[in-house]
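Colleague: Before we start, here is the structure in question, set down as structure tokens.
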Number of protein chains: 2
Amino acid sequence: MILKVFFAIINLMEKEDNLMEKIVSLCKRRGFIFQSSEIYGGAAAAYDYGPLGVELKNNLKRLWWEEMVKTRENVVGLDAAIFMHPRVWQASGHLAEFTDLLQECKKCHHRFREKDLPDSKCPMCGGELTKPRAFNLMFETYLGPVKDEASRIFLRPETAQGIYVDYKSVQNAMRLKPPFGIAQIGKAFRNEITPGNFTFRTVEFEQMEMQFFIDPKEDKKWFNYWRKERLKWYLENLGLKKENIRFYKHKRKELAHYAKEAVDIEYKMPFGWQEIEGIHNRTDFDLKAHEKLSGKDLKYYNKEAEKKFIPYIIETSGGVDRAALAIFLDAYTEEEVRGKKRVVMKFKPQLAPFKVAVLPLLSNRKKLTEKAREIYEDLKNCYHSWYDEAGSIGRRYRRQDEVGTPYAITIDFDTLKDDTVTVRDRDTMVQERVKIGELRDYLFKKLM
Amino acid sequence: MILKVFFAIINLMEKEDNLMEKIVSLCKRRGFIFQSSEIYGGAAAAYDYGPLGVELKNNLKRLWWEEMVKTRENVVGLDAAIFMHPRVWQASGHLAEFTDLLQECKKCHHRFREKDLPDSKCPMCGGELTKPRAFNLMFETYLGPVKDEASRIFLRPETAQGIYVDYKSVQNAMRLKPPFGIAQIGKAFRNEITPGNFTFRTVEFEQMEMQFFIDPKEDKKWFNYWRKERLKWYLENLGLKKENIRFYKHKRKELAHYAKEAVDIEYKMPFGWQEIEGIHNRTDFDLKAHEKLSGKDLKYYNKEAEKKFIPYIIETSGGVDRAALAIFLDAYTEEEVRGKKRVVMKFKPQLAPFKVAVLPLLSNRKKLTEKAREIYEDLKNCYHSWYDEAGSIGRRYRRQDEVGTPYAITIDFDTLKDDTVTVRDRDTMVQERVKIGELRDYLFKKLM
């Protein structure tokens, strides 16, 4: 019995490791994600989004922006620079606290995170280790030709601070009153000692986050509001499976230095439940610190109510790359069709890189390919479309399944007679004949 | 006569300086562009796009992506990491050649670009200068905790190299045959000694570029093709004024080390004609260099034709921030309306941050505001819309003019009787009465 359980667990672990391998391989083969600078052996923990990956990622970011900015009257956007004034990181606490404790081997000079060490010897050579020393996770560089303290700047380790230091300018320009939000998508950088798990933990990553400025008395209410809104977005807008998503509430001792309350939205990755978004009550920690260090009044002043206060901030901070990885894992499906394995990426149509594939039944019949191109040229202005005439129609369907194209349109000999085409549904594989003149409307109803 | 010409020139210069000042001021006041970290006195030559700026910039990037990727069968997208393998910059020539010659004052230690110096004394203190020394324009940082040669990496000074090192992976995954293109939008970084002119020259900037891989024999043809296509885009898709755009062909001695032929698309900025995009014939310079240094075969191999060659590359490299600045300058219009000055940003509707403003005639009549909100709630799902009830209707129109909103919808007392609203055209200021039920269609025809 115990052996049986043991093997069941091993099996499960293999299956899940396997899934990660399959995703990495499919992503590379089909142009979703490549390792950066692969011809030089790769750049450590950096990845490039290929032709299909960039479309999916853009769709993801667009859906987020529509949800968070375009359809909300009290949330506006921002795109702050990666380079900021160095004092920002002094106020935010990143300069002092954003550190890992590292120990160096006195013999081989490798460095290790204190918490990763099984005992106090070097795992590489058995040598003696130094005492733990703080190592800051911010990447630093120098502005201008002189390398000194005065010219040292940092790559932002989070996008949030750009919103905080601009909040008064934004509030004034847009004449906003709390509760209001500022949303941003952008890159951030952390010199992680142990990146890994494909695109899950990388030193360069993209955040999509919204900072919501509120009356401090209403923090509980808004924290709960955003917690629910954000979960709903992953389930309904991205279509992730309910069983793969959960909340994880931070215990008091786990809270970051700025947080009063924090909950993670976690996704069930093959390597365990992992955070894909955090919702934090950051209180007035950041604005107070910036007010103190900059000497600028960062209070919100309401003339009518004669109220003056530093807003509390509820933050929803998601990882673009992590959400994309969750989408890949969630969509990956293997099915048996007439004794053969079919791999389908069951993306929500709004996320799929291409919406429509246009396929002439045969590539060596001019009448078929001409008609197919005509249809492709018409559709591509409405939907991101892909024309493909290489290989058997069965293989072409499989190729489209593997990249998650929701609809495949085939131009066959009947098309030449009656101006109809077949439209194949990715998930059901059912084919319907549709009049060419009605294609746009047909697809519009299916895809919107 | 000579005096008259002199004063005319002075007048013109003042007017143009003035325009730049007006743009900077409007951008800040209305939430298009803020200086980064302004509460700390600003970060050198870094800017943040505010709520309206980020929408305009996103529209600009989306239009480019539609033009270059979505509607072209032979161009695909990519989003490569900012961090790349350091050898990339060795192959590209950036490590050796991407330098400024600087001279340092032996007394006050300020540094100057050799070419900026009027004579060979320090312009700050008159002290003696050192001999010119090469200073690399790439920002460097260190990956991991150890700062040594092996861990030194760079912030990419151009996005192009990400495309070059990935080109075989992309070509394989998408089964592309020359001529084909790979397009990318992303940030790049250059440690410019003399940034300036608002967002025109900054150390952190965004590029939108496409690399077109061709048979070397066809380089003339494709260079000319892209030259024309790109000019057309600025004129027709962005709607920039013809008199503000021109080509500048590089003379032989001006060509970059990788270029065989180069032409700039220049915009007439208040500070002179300036490059906003470059079209370059980069030949096989980059791919050859990467092939040599990486030891990987980067030839394109065509089985059917039994051809094997390193493609030539025609590059179209545009600056997102520069195009945005050109759009601001081009759109800025002052008009006299009934004795008063009106400032209008005459953006092409596709570029405008908001498409529609919804304005109840009065804010203190519940029936008007309720109806207005109803219309706003309906329209916001189709068009980025803005609800505004603060201040007189005349002031609200002016506010919308200043941020370039093409249509303003006013809900007045007639609305409550006959379910019509007025739609005001930003440019003509003409108001038309439209049935609420027909609003969506009316706007669709105007905005598409």
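Quick note on naming: the chains in the structure tokens go A, B, ... in the order shown, residues restart at 1 in each chain, and ligands are numbered from 1 in order of appearance.
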Could you name the residues that touch Leu129 of chain B at 7 Å or less, counting only C-alpha atoms, but leaving out those on the same chain fewer than 2 positions away, as a PyMOL selection string?
Modeller: chain B and resi 103-106+120-122+127+131
Colleague: Find the residues around Gly41 of chain B up to 12 Å (only C-alpha atoms counted), leave out those fewer than 2 positions away in its own chain, and share them as a count of residues only.
Modeller: 20
Colleague: Contacts of segment 254-271 of chain B at 8 Å or less, counting only C-alpha atoms, minus same-chain residues fewer than 2 places along, as number ranges by chain?
Modeller: B: 16-17, 19-20, 197, 227, 231, 244-252, 273-283, 285-286, 326, 329
Colleague: Grab the atom CA of Pro353 of chain B to atom CA of Glu158 of chain A distance for me, in Å with one decimal place.
Modeller: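 So the answer is 25.8 Å.
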Colleague: Would you compute the distance between atom CA of Arg424 of chain B and atom CA of Gln400 of chain B? Give it in Å to one decimal.
Modeller: 10.7 Å
Colleague: Can you tell me which residues surround Gln431 of chain B at a distance of at most 10 Å, considering only C-alpha atoms, apart from same-chain residues fewer than 5 positions away, and format the answer as a short mmCIF file (atom, residue, chain, number, x, y, z; two decimals) with C-alpha atoms, in the first residue's frame?
Modeller:
```cif
data_model
loop_
_atom_site.label_atom_id
_atom_site.label_comp_id
_atom_site.auth_asym_id
_atom_site.auth_seq_id
_atom_site.Cartn_x
_atom_site.Cartn_y
_atom_site.Cartn_z
CA TYR B 407 -16.18 64.32 -30.18
CA ALA B 408 -18.01 65.84 -27.23
CA ILE B 409 -21.53 64.69 -26.48
CA THR B 410 -23.74 67.04 -24.51
CA VAL B 421 -27.92 64.73 -27.77
CA THR B 422 -25.57 67.19 -29.41
CA VAL B 423 -22.32 65.88 -30.85
CA ARG B 424 -19.67 68.55 -31.17
CA ASP B 425 -16.82 68.15 -33.65
CA ARG B 426 -13.49 69.18 -32.12
#
```
Colleague: If DSSP is run on the backbone, what residues of segment 241-310 of chain A are strand (DSSP E or B)? A reply as an mmCIF file with C-alpha atoms, in the first residue's frame would be ideal.
Modeller:
```cif
data_model
loop_
_atom_site.group_PDB
_atom_site.id
_atom_site.type_symbol
_atom_site.label_atom_id
_atom_site.label_comp_id
_atom_site.auth_asym_id
_atom_site.auth_seq_id
_atom_site.Cartn_x
_atom_site.Cartn_y
_atom_site.Cartn_z
ATOM 1 C CA ILE A 245 -6.522 29.222 -8.789
ATOM 2 C CA ARG A 246 -6.687 30.036 -5.089
ATOM 3 C CA PHE A 247 -6.107 32.795 -2.565
ATOM 4 C CA TYR A 248 -3.250 32.683 -0.115
ATOM 5 C CA LYS A 249 -3.554 35.080 2.798
ATOM 6 C CA GLU A 261 -2.708 43.073 4.879
ATOM 7 C CA ALA A 262 -1.794 40.968 1.869
ATOM 8 C CA VAL A 263 -3.324 38.204 -0.159
ATOM 9 C CA ASP A 264 -1.814 36.376 -3.121
ATOM 10 C CA ILE A 265 -3.682 34.970 -6.055
ATOM 11 C CA GLU A 266 -1.897 31.688 -6.589
ATOM 12 C CA TYR A 267 -1.798 29.403 -9.602
ATOM 13 C CA LYS A 268 -1.151 25.692 -9.387
ATOM 14 C CA MET A 269 2.107 25.442 -11.298
ATOM 15 C CA GLY A 272 3.609 24.011 -6.643
ATOM 16 C CA TRP A 273 1.119 26.766 -5.829
ATOM 17 C CA GLN A 274 2.758 30.051 -6.793
ATOM 18 C CA GLU A 275 1.886 33.732 -6.639
ATOM 19 C CA ILE A 276 0.774 35.303 -9.907
ATOM 20 C CA GLU A 277 -0.653 38.464 -8.336
ATOM 21 C CA GLY A 278 -0.544 40.140 -4.942
ATOM 22 C CA ILE A 279 -3.185 42.410 -3.452
ATOM 23 C CA HIS A 280 -1.702 44.548 -0.704
ATOM 24 C CA ASN A 281 -2.880 47.168 1.714
ATOM 25 C CA ARG A 282 0.264 49.328 1.628
ATOM 26 C CA THR A 283 -1.340 51.914 3.944
ATOM 27 C CA TYR A 300 -4.808 64.969 -0.805
ATOM 28 C CA TYR A 301 -6.803 68.097 -0.071
ATOM 29 C CA ASN A 302 -10.569 68.120 -0.473
ATOM 30 C CA LYS A 307 -10.357 67.206 4.497
ATOM 31 C CA LYS A 308 -6.652 66.749 4.122
ATOM 32 C CA PHE A 309 -5.053 63.352 4.322
#
```
Colleague: Between atom CA of Pro311 of chain B and atom CA of Gly42 of chain A, what is the distance, to one decimal in Å?
Modeller: 23.0 Å
Colleague: What parts of segment 86-331 of chain A does DSSP call alpha helix (DSSP H)? I'd like the answer as a PyMOL selection string.
Modeller: chain A and resi 87-92+94-97+160-174+219-232+285-294+320-331
Colleague: Considering only C-alpha atoms, return as a VMD selection string whatever protein or nucleic-acid residues lie within 9 Å of Asp79 of chain A, sequence-local ones (same chain, fewer than 5 positions apart) excluded.
Modeller: (chain A and resid 162 to 163 183 to 186) or (chain B and resid 48 to 51 53 to 54)
Colleague: Would you export the selected residues with C-alpha atoms as a PDB file, in the first residue's frame, please?
Modeller:
```
ATOM      1  CA  GLY A 162       6.679  55.495 -10.363  1.00  0.00           C
ATOM      2  CA  ILE A 163       3.004  55.779  -9.550  1.00  0.00           C
ATOM      3  CA  ALA A 183      -2.530  51.648 -13.458  1.00  0.00           C
ATOM      4  CA  GLN A 184       0.713  50.775 -15.158  1.00  0.00           C
ATOM      5  CA  ILE A 185       2.316  48.034 -17.206  1.00  0.00           C
ATOM      6  CA  GLY A 186       6.080  47.982 -17.394  1.00  0.00           C
TER       7      GLY A 186
ATOM      8  CA  ASP B  48       6.907  59.614 -17.509  1.00  0.00           C
ATOM      9  CA  TYR B  49       3.887  59.365 -19.763  1.00  0.00           C
ATOM     10  CA  GLY B  50       0.818  60.456 -17.814  1.00  0.00           C
ATOM     11  CA  PRO B  51      -2.778  59.219 -18.193  1.00  0.00           C
ATOM     12  CA  GLY B  53       0.275  60.325 -22.782  1.00  0.00           C
ATOM     13  CA  VAL B  54       0.190  56.604 -22.204  1.00  0.00           C
TER      14      VAL B  54
END
```
Colleague: Neighbouring residues of Ile23 of chain A were defined as those with any atom within 9 Å, considering only C-alpha atoms; residues of the same chain fewer than 4 positions away were excluded. Please report them as a PyMOL selection string.
Modeller: chain A and resi 18-19+27-28+325+328-329+332
Colleague: Measuring atom to atom with only C-alpha atoms, identify which of B:Arg373, B:Lys232, B:Lys446, B:Lys303 is nearest to chain A.
Modeller: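 Using only C-alpha atoms, the shortest distance to chain A belongs to B:Arg373.
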Colleague: Please provide as an MDAnalysis selection string all residues within 10 Å of Glu377 of chain A, with the sequence filter that same-chain residues fewer than 6 positions apart are discarded (counting only C-alpha atoms).
Modeller: (chainID A and resid 358 371 385:387) or (chainID B and resid 71:73)
Colleague: In terms of the shortest atom-to-atom distance over only C-alpha atoms, which of B:Glu114, B:Asp388, B:Asp401, B:Asp414 is closest to chain A?
Modeller: B:Asp388
Colleague: Pick from A:Cys125, A:Ile193, A:Leu95, A:Ala324: nearest to chain B, with only C-alpha atoms counted?
Modeller: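 Answer, going by the shortest atom-to-atom distance: A:Ile193.
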